[in-house]
Amino acid sequence: MSTPQRYGFLLLPGFPMLALAGALEVLGAANALLGEQSYAPHLMSLDGESVRAASGAGVEVQGRFASDVELHAVFVVSDHSLGALDLVACQQWLAALGEAGCLLGGIGTGAAVMADAGLLRGHRATIHWPHVAEVAERHAETVVSSNLYEIDRGRLTCAGGAASIDMLLAWMGIRHGERVAQEIAAQLGLERIRARDERQLVPSAARIGGSSAKLAEALALMEANLSEPLPTEDIARLVGVSRRQLERLFKQHLDALPSRYYLDLRLTRARRLLQQSSQSILQIGLACGFASGPHFSNAYRSHFGRTPREERSQRAAAWRDAPPVREESPA
């Protein structure tokens with residue numbers, strides 16, 4: 001039996017419990033599938049004492065950061081503004097690990113700690129959506145996205161919540177092959193692994209800056225009715241405005257007509273399903289509100305420049321060519 005790789009999780013006060021639990025579940029499922037203790041989690045805190053999560057629950061740790069424990073990877077787990085914490089020593093430790101080639105990651109707002117330590121210069125990274133603009137402004141040398149997760153040359157970052165599961169599953173796919181990642185996902189009861197470039201789910205009001213309650217209501221109606229699209233007139237009536245007023249709101253805040261924006265939502269969902277589910281092309285088209293296969297195919301090709309069949313073929317080719325097992329250096 002090979003020596004397990006020890007993956008450290010530095011828990012900052014107020015960290016997201018769901019994000020931590022999801023990451024640990026992936027490592028545990030990987031051990032079960034691979035038939036050996038390939039990964040050993042190691043929980044840490046700033047002072048070596050238990051840490052209180054955002055939920056209020058206290059979590060016991062195995063020690064303080066910068067102990068003598070050998071770590072193959074370290075993930076900073078946080079979910080709030082970090083200005084009140086003294087993280088200088090912690091960031092110096094992370095920087096030293098980075099220079100030594102250690103795999104480093106940020107979960108929730110963990111990427112902010114990494115960026116402040118100079119560990120994300122020239123890298124793509126993501127962070128929980130309320131902090132994207134702030135971190136992007138402070139760190140112009142980092143490409144900060146609003147994607148669910150990013151994996152870039154030994155730097156793994158993701159949003160909070162269940163995004164840690166998708167990120168770690170994608171990392172297992174890189175290390176052991178995509179088939180292994182899919183089997184781990186199946187063990188966890190997941191239908192699919194969400195893609196890196198899938199956007200974080202941002203509440204409608206937050207997405208438009210809370211500037212229009214009527215527009216937020218209209219967006220929520222669209223997002224809840226992708227399989228059976230509502231006519232623009234019905235959406236306007238349900239939110240209590242005229243069609244012309246609704247069109248003005250969409251043009252002002254989203255630079256699109258309601259019908260065009262609605263179609264984009266449905267096609268984006270269709271693309272995710274084509275890439276990540278086993279449903280037939282016709283089933284996906286119907287699930288996204290298209291009345292027939294040709295209607296779906298024409299709309300998809302007009303929007304993405306390729307047909308649904310070509311999209312699915314690219315995914316199938318990637319699956320077929322993926323090796324069953326592939327070990328790579330964690331760095």
# chains A, B, ... in the order shown; residues from 1 in each chain; ligands from 1
$ select_by_dssp --residues "segment 1-101 of chain A" --states "strand (DSSP E)" --output "PyMOL selection string"
chain A and resi 5-11+39-45+51-52+58-59+63-64+73-78
$ write_last_selection --atoms "N, CA, C and O atoms" --output "short mmCIF file (atom, residue, chain, number, x, y, z; two decimals), in the first residue's frame"
data_model
loop_
_atom_site.label_atom_id
_atom_site.label_comp_id
_atom_site.auth_asym_id
_atom_site.auth_seq_id
_atom_site.Cartn_x
_atom_site.Cartn_y
_atom_site.Cartn_z
N GLN A 5 -1.43 10.58 0.42
CA GLN A 5 -1.14 12.01 0.32
C GLN A 5 -1.99 12.74 1.35
O GLN A 5 -3.20 12.52 1.43
N ARG A 6 -1.35 13.60 2.13
CA ARG A 6 -2.06 14.31 3.19
C ARG A 6 -2.54 15.66 2.64
O ARG A 6 -1.73 16.49 2.27
N TYR A 7 -3.86 15.84 2.59
CA TYR A 7 -4.46 17.08 2.10
C TYR A 7 -4.92 17.89 3.31
O TYR A 7 -5.83 17.49 4.04
N GLY A 8 -4.29 19.04 3.51
CA GLY A 8 -4.62 19.90 4.63
C GLY A 8 -5.74 20.87 4.31
O GLY A 8 -5.85 21.37 3.19
N PHE A 9 -6.58 21.13 5.31
CA PHE A 9 -7.67 22.10 5.19
C PHE A 9 -7.53 23.10 6.33
O PHE A 9 -7.73 22.74 7.50
N LEU A 10 -7.15 24.33 6.00
CA LEU A 10 -7.02 25.39 7.00
C LEU A 10 -8.37 26.07 7.15
O LEU A 10 -8.84 26.76 6.23
N LEU A 11 -9.01 25.88 8.29
CA LEU A 11 -10.36 26.39 8.53
C LEU A 11 -10.28 27.75 9.22
O LEU A 11 -9.77 27.85 10.35
N TYR A 39 -5.70 9.23 0.14
CA TYR A 39 -5.78 10.60 0.61
C TYR A 39 -6.13 10.62 2.09
O TYR A 39 -7.05 9.94 2.53
N ALA A 40 -5.37 11.42 2.85
CA ALA A 40 -5.62 11.56 4.28
C ALA A 40 -5.87 13.03 4.60
O ALA A 40 -4.95 13.85 4.47
N PRO A 41 -7.09 13.42 4.97
CA PRO A 41 -7.36 14.82 5.30
C PRO A 41 -6.74 15.21 6.63
O PRO A 41 -6.63 14.39 7.55
N HIS A 42 -6.32 16.46 6.72
CA HIS A 42 -5.71 16.97 7.94
C HIS A 42 -6.29 18.37 8.19
O HIS A 42 -6.02 19.31 7.43
N LEU A 43 -7.10 18.51 9.24
CA LEU A 43 -7.77 19.77 9.54
C LEU A 43 -6.89 20.64 10.42
O LEU A 43 -6.32 20.16 11.42
N MET A 44 -6.82 21.94 10.08
CA MET A 44 -5.97 22.88 10.81
C MET A 44 -6.74 24.16 11.11
O MET A 44 -7.74 24.46 10.46
N SER A 45 -6.24 24.90 12.08
CA SER A 45 -6.79 26.22 12.39
C SER A 45 -5.64 27.19 12.60
O SER A 45 -4.47 26.80 12.57
N VAL A 51 -12.58 25.30 15.62
CA VAL A 51 -13.03 26.46 14.84
C VAL A 51 -14.54 26.42 14.73
O VAL A 51 -15.13 25.35 14.51
N ARG A 52 -15.17 27.56 14.86
CA ARG A 52 -16.62 27.64 14.72
C ARG A 52 -16.97 27.95 13.27
O ARG A 52 -16.49 28.92 12.69
N GLY A 58 -19.00 23.91 16.23
CA GLY A 58 -17.56 23.88 16.46
C GLY A 58 -16.95 22.64 15.84
O GLY A 58 -17.50 21.54 15.94
N VAL A 59 -15.80 22.78 15.18
CA VAL A 59 -15.14 21.65 14.53
C VAL A 59 -13.74 21.49 15.12
O VAL A 59 -12.95 22.44 15.14
N GLY A 63 -4.51 20.24 14.48
CA GLY A 63 -3.34 21.03 14.82
C GLY A 63 -3.39 22.41 14.22
O GLY A 63 -4.35 22.81 13.58
N ARG A 64 -2.31 23.13 14.48
CA ARG A 64 -2.16 24.50 13.97
C ARG A 64 -1.49 24.45 12.60
O ARG A 64 -0.77 23.50 12.29
N ALA A 73 -0.98 18.98 -0.11
CA ALA A 73 -1.88 20.02 -0.59
C ALA A 73 -2.46 20.74 0.61
O ALA A 73 -2.61 20.16 1.69
N VAL A 74 -2.78 22.02 0.41
CA VAL A 74 -3.42 22.82 1.47
C VAL A 74 -4.55 23.64 0.84
O VAL A 74 -4.33 24.32 -0.16
N PHE A 75 -5.72 23.56 1.46
CA PHE A 75 -6.87 24.33 1.01
C PHE A 75 -7.29 25.29 2.13
O PHE A 75 -7.51 24.85 3.26
N VAL A 76 -7.39 26.56 1.81
CA VAL A 76 -7.88 27.56 2.76
C VAL A 76 -9.40 27.61 2.62
O VAL A 76 -9.92 27.87 1.53
N VAL A 77 -10.11 27.38 3.71
CA VAL A 77 -11.58 27.31 3.67
C VAL A 77 -12.12 28.49 4.47
O VAL A 77 -11.91 28.59 5.68
N SER A 78 -12.84 29.38 3.80
CA SER A 78 -13.35 30.59 4.45
C SER A 78 -14.61 31.04 3.73
O SER A 78 -14.89 30.63 2.61
#
$ closest_atom_pairs --of "segment 249-272 of chain A" --to "segment 304-307 of chain A" --cutoff "12 Å" --atoms "only C-alpha atoms" --output "JSON lines"
{"residue": "A:Asp264", "atom": "CA", "partner": "A:Phe304", "partner_atom": "CA", "distance": 10.3}
{"residue": "A:Leu267", "atom": "CA", "partner": "A:Phe304", "partner_atom": "CA", "distance": 8.8}
{"residue": "A:Thr268", "atom": "CA", "partner": "A:Phe304", "partner_atom": "CA", "distance": 9.5}
{"residue": "A:Ala270", "atom": "CA", "partner": "A:Phe304", "partner_atom": "CA", "distance": 11.1}
{"residue": "A:Arg271", "atom": "CA", "partner": "A:Phe304", "partner_atom": "CA", "distance": 9.1}
$ residues_around --residues "Ser280 of chain A" --least-positions-apart "6" --cutoff "12 Å" --atoms "only C-alpha atoms" --output "ChimeraX atom specification"
/A:270,273-274,286-287,293,308-309,312
$ write_last_selection --atoms "C-alpha atoms" --output "PDB file, in the first residue's frame"
ATOM      1  CA  ALA A 270     -29.104  22.785 -22.937  1.00  0.00           C
ATOM      2  CA  LEU A 273     -26.971  18.977 -20.231  1.00  0.00           C
ATOM      3  CA  LEU A 274     -25.336  17.970 -23.532  1.00  0.00           C
ATOM      4  CA  LEU A 286     -37.750  19.251 -24.950  1.00  0.00           C
ATOM      5  CA  ALA A 287     -36.498  19.857 -21.385  1.00  0.00           C
ATOM      6  CA  GLY A 293     -35.445  18.369 -32.714  1.00  0.00           C
ATOM      7  CA  PRO A 308     -26.175  19.706 -30.442  1.00  0.00           C
ATOM      8  CA  ARG A 309     -24.903  16.507 -32.073  1.00  0.00           C
ATOM      9  CA  ARG A 312     -22.245  15.781 -27.771  1.00  0.00           C
TER      10      ARG A 312
END
$ residues_around --residues "Leu215 of chain A" --least-positions-apart "5" --cutoff "8 Å" --atoms "only C-alpha atoms" --output "list in words"
Leu246, Leu249 and Phe250 of chain A
$ residues_around --residues "segment 252-259 of chain A" --least-positions-apart "2" --cutoff "12 Å" --atoms "only C-alpha atoms" --output "PyMOL selection string"
chain A and resi 204-205+207-216+218-219+221-222+229-236+243-250+261-266
$ residues_around --residues "Glu141 of chain A" --least-positions-apart "4" --cutoff "9 Å" --atoms "only C-alpha atoms" --output "mmCIF file with N, CA and C atoms, in the first residue's frame"
data_model
loop_
_atom_site.group_PDB
_atom_site.id
_atom_site.type_symbol
_atom_site.label_atom_id
_atom_site.label_comp_id
_atom_site.auth_asym_id
_atom_site.auth_seq_id
_atom_site.Cartn_x
_atom_site.Cartn_y
_atom_site.Cartn_z
ATOM 1 N N LEU A 120 -1.445 33.906 -6.585
ATOM 2 C CA LEU A 120 -2.306 33.776 -7.755
ATOM 3 C C LEU A 120 -1.896 34.717 -8.889
ATOM 4 N N ARG A 121 -0.698 35.263 -8.832
ATOM 5 C CA ARG A 121 -0.241 36.132 -9.918
ATOM 6 C C ARG A 121 -0.134 35.342 -11.210
ATOM 7 N N GLY A 122 -0.789 35.856 -12.246
ATOM 8 C CA GLY A 122 -0.733 35.182 -13.533
ATOM 9 C C GLY A 122 -1.581 33.937 -13.623
ATOM 10 N N HIS A 123 -2.442 33.698 -12.627
ATOM 11 C CA HIS A 123 -3.308 32.513 -12.607
ATOM 12 C C HIS A 123 -4.773 32.914 -12.784
ATOM 13 N N ALA A 136 -10.902 41.102 -7.781
ATOM 14 C CA ALA A 136 -10.409 41.445 -9.108
ATOM 15 C C ALA A 136 -9.798 42.842 -9.120
#
$ closest_residue --among "A:Glu134, A:Gly118, A:Arg269, A:Ala220" --to "Arg155 of chain A" --atoms "only C-alpha atoms"
A:Gly118
$ atom_distance --atom1 "atom CA of Leu169 of chain A" --atom2 "atom CA of Leu71 of chain A"
19.6 Å
$ select_by_dssp --residues "segment 99-133 of chain A" --states "helix (DSSP H, G or I)" --output "NGL selection string"
:A and (99 or 110-116 or 129-133)
$ write_last_selection --atoms "all heavy atoms" --output "short mmCIF file (atom, residue, chain, number, x, y, z; two decimals), in the first residue's frame"
data_model
loop_
_atom_site.label_atom_id
_atom_site.label_comp_id
_atom_site.auth_asym_id
_atom_site.auth_seq_id
_atom_site.Cartn_x
_atom_site.Cartn_y
_atom_site.Cartn_z
N GLU A 99 6.25 27.96 -3.05
CA GLU A 99 7.60 27.91 -3.62
C GLU A 99 8.13 26.48 -3.63
O GLU A 99 8.92 26.12 -4.51
CB GLU A 99 8.53 28.81 -2.82
CG GLU A 99 8.26 30.30 -2.99
CD GLU A 99 9.22 31.15 -2.18
OE1 GLU A 99 10.15 30.57 -1.57
OE2 GLU A 99 9.05 32.38 -2.17
N GLY A 110 -11.40 31.62 0.20
CA GLY A 110 -10.00 31.23 0.39
C GLY A 110 -9.08 31.80 -0.66
O GLY A 110 -7.89 32.05 -0.40
N ALA A 111 -9.59 32.03 -1.86
CA ALA A 111 -8.75 32.60 -2.92
C ALA A 111 -8.25 33.99 -2.55
O ALA A 111 -7.18 34.40 -3.00
CB ALA A 111 -9.52 32.64 -4.23
N ALA A 112 -9.00 34.73 -1.74
CA ALA A 112 -8.56 36.07 -1.33
C ALA A 112 -7.30 35.97 -0.48
O ALA A 112 -6.38 36.78 -0.61
CB ALA A 112 -9.67 36.77 -0.56
N VAL A 113 -7.25 34.97 0.40
CA VAL A 113 -6.06 34.77 1.23
C VAL A 113 -4.87 34.43 0.35
O VAL A 113 -3.76 34.94 0.52
CB VAL A 113 -6.31 33.64 2.25
CG1 VAL A 113 -5.07 33.41 3.11
CG2 VAL A 113 -7.51 33.97 3.13
N MET A 114 -5.10 33.56 -0.64
CA MET A 114 -4.02 33.17 -1.56
C MET A 114 -3.54 34.36 -2.39
O MET A 114 -2.34 34.56 -2.57
CB MET A 114 -4.51 32.04 -2.47
CG MET A 114 -4.87 30.76 -1.73
SD MET A 114 -5.69 29.58 -2.82
CE MET A 114 -4.40 29.26 -4.04
N ALA A 115 -4.49 35.15 -2.89
CA ALA A 115 -4.12 36.30 -3.72
C ALA A 115 -3.31 37.31 -2.91
O ALA A 115 -2.31 37.86 -3.39
CB ALA A 115 -5.37 36.95 -4.29
N ASP A 116 -3.73 37.56 -1.66
CA ASP A 116 -3.00 38.50 -0.81
C ASP A 116 -1.59 38.00 -0.49
O ASP A 116 -0.70 38.79 -0.18
CB ASP A 116 -3.76 38.75 0.49
CG ASP A 116 -5.03 39.59 0.27
OD1 ASP A 116 -5.14 40.21 -0.80
OD2 ASP A 116 -5.90 39.58 1.16
N TRP A 129 -19.21 34.51 -5.18
CA TRP A 129 -19.60 35.61 -6.06
C TRP A 129 -19.67 37.01 -5.42
O TRP A 129 -19.33 37.99 -6.09
CB TRP A 129 -20.93 35.29 -6.77
CG TRP A 129 -22.13 35.18 -5.87
CD1 TRP A 129 -22.67 34.04 -5.36
CD2 TRP A 129 -22.96 36.24 -5.38
NE1 TRP A 129 -23.77 34.31 -4.58
CE2 TRP A 129 -23.97 35.66 -4.58
CE3 TRP A 129 -22.96 37.63 -5.55
CZ2 TRP A 129 -24.95 36.43 -3.95
CZ3 TRP A 129 -23.93 38.39 -4.91
CH2 TRP A 129 -24.91 37.78 -4.13
N PRO A 130 -20.06 37.18 -4.13
CA PRO A 130 -20.12 38.56 -3.63
C PRO A 130 -18.75 39.26 -3.59
O PRO A 130 -18.68 40.48 -3.48
CB PRO A 130 -20.68 38.40 -2.21
CG PRO A 130 -21.38 37.08 -2.22
CD PRO A 130 -20.56 36.22 -3.13
N HIS A 131 -17.65 38.48 -3.68
CA HIS A 131 -16.32 39.05 -3.52
C HIS A 131 -15.53 39.11 -4.83
O HIS A 131 -14.36 39.51 -4.82
CB HIS A 131 -15.53 38.22 -2.50
CG HIS A 131 -16.21 38.08 -1.17
ND1 HIS A 131 -16.11 39.02 -0.18
CD2 HIS A 131 -17.03 37.11 -0.70
CE1 HIS A 131 -16.85 38.64 0.87
NE2 HIS A 131 -17.42 37.48 0.57
N VAL A 132 -16.14 38.71 -5.95
CA VAL A 132 -15.41 38.67 -7.23
C VAL A 132 -14.87 40.05 -7.60
O VAL A 132 -13.68 40.21 -7.91
CB VAL A 132 -16.33 38.12 -8.34
CG1 VAL A 132 -15.68 38.34 -9.71
CG2 VAL A 132 -16.60 36.63 -8.13
N ALA A 133 -15.73 41.06 -7.59
CA ALA A 133 -15.31 42.40 -8.02
C ALA A 133 -14.21 42.96 -7.11
O ALA A 133 -13.23 43.55 -7.59
CB ALA A 133 -16.51 43.34 -8.04
#
$ closest_atom_pairs --of "segment 106-158 of chain A" --to "segment 15-33 of chain A" --cutoff "12 Å" --atoms "only C-alpha atoms" --output "JSON lines"
{"residue": "A:Gly106", "atom": "CA", "partner": "A:Ala19", "partner_atom": "CA", "distance": 10.8}
{"residue": "A:Ile107", "atom": "CA", "partner": "A:Ala19", "partner_atom": "CA", "distance": 7.2}
{"residue": "A:Gly108", "atom": "CA", "partner": "A:Pro16", "partner_atom": "CA", "distance": 7.4}
{"residue": "A:Thr109", "atom": "CA", "partner": "A:Phe15", "partner_atom": "CA", "distance": 8.9}
{"residue": "A:Gly110", "atom": "CA", "partner": "A:Phe15", "partner_atom": "CA", "distance": 9.4}
{"residue": "A:His128", "atom": "CA", "partner": "A:Pro16", "partner_atom": "CA", "distance": 11.0}
{"residue": "A:Thr157", "atom": "CA", "partner": "A:Ala19", "partner_atom": "CA", "distance": 11.9}
{"residue": "A:Cys158", "atom": "CA", "partner": "A:Ala19", "partner_atom": "CA", "distance": 9.5}
$ closest_residue --among "A:Ala100, A:Met167, A:Ile151, A:Ile284" --to "His72 of chain A" --atoms "only C-alpha atoms"
A:Ala100
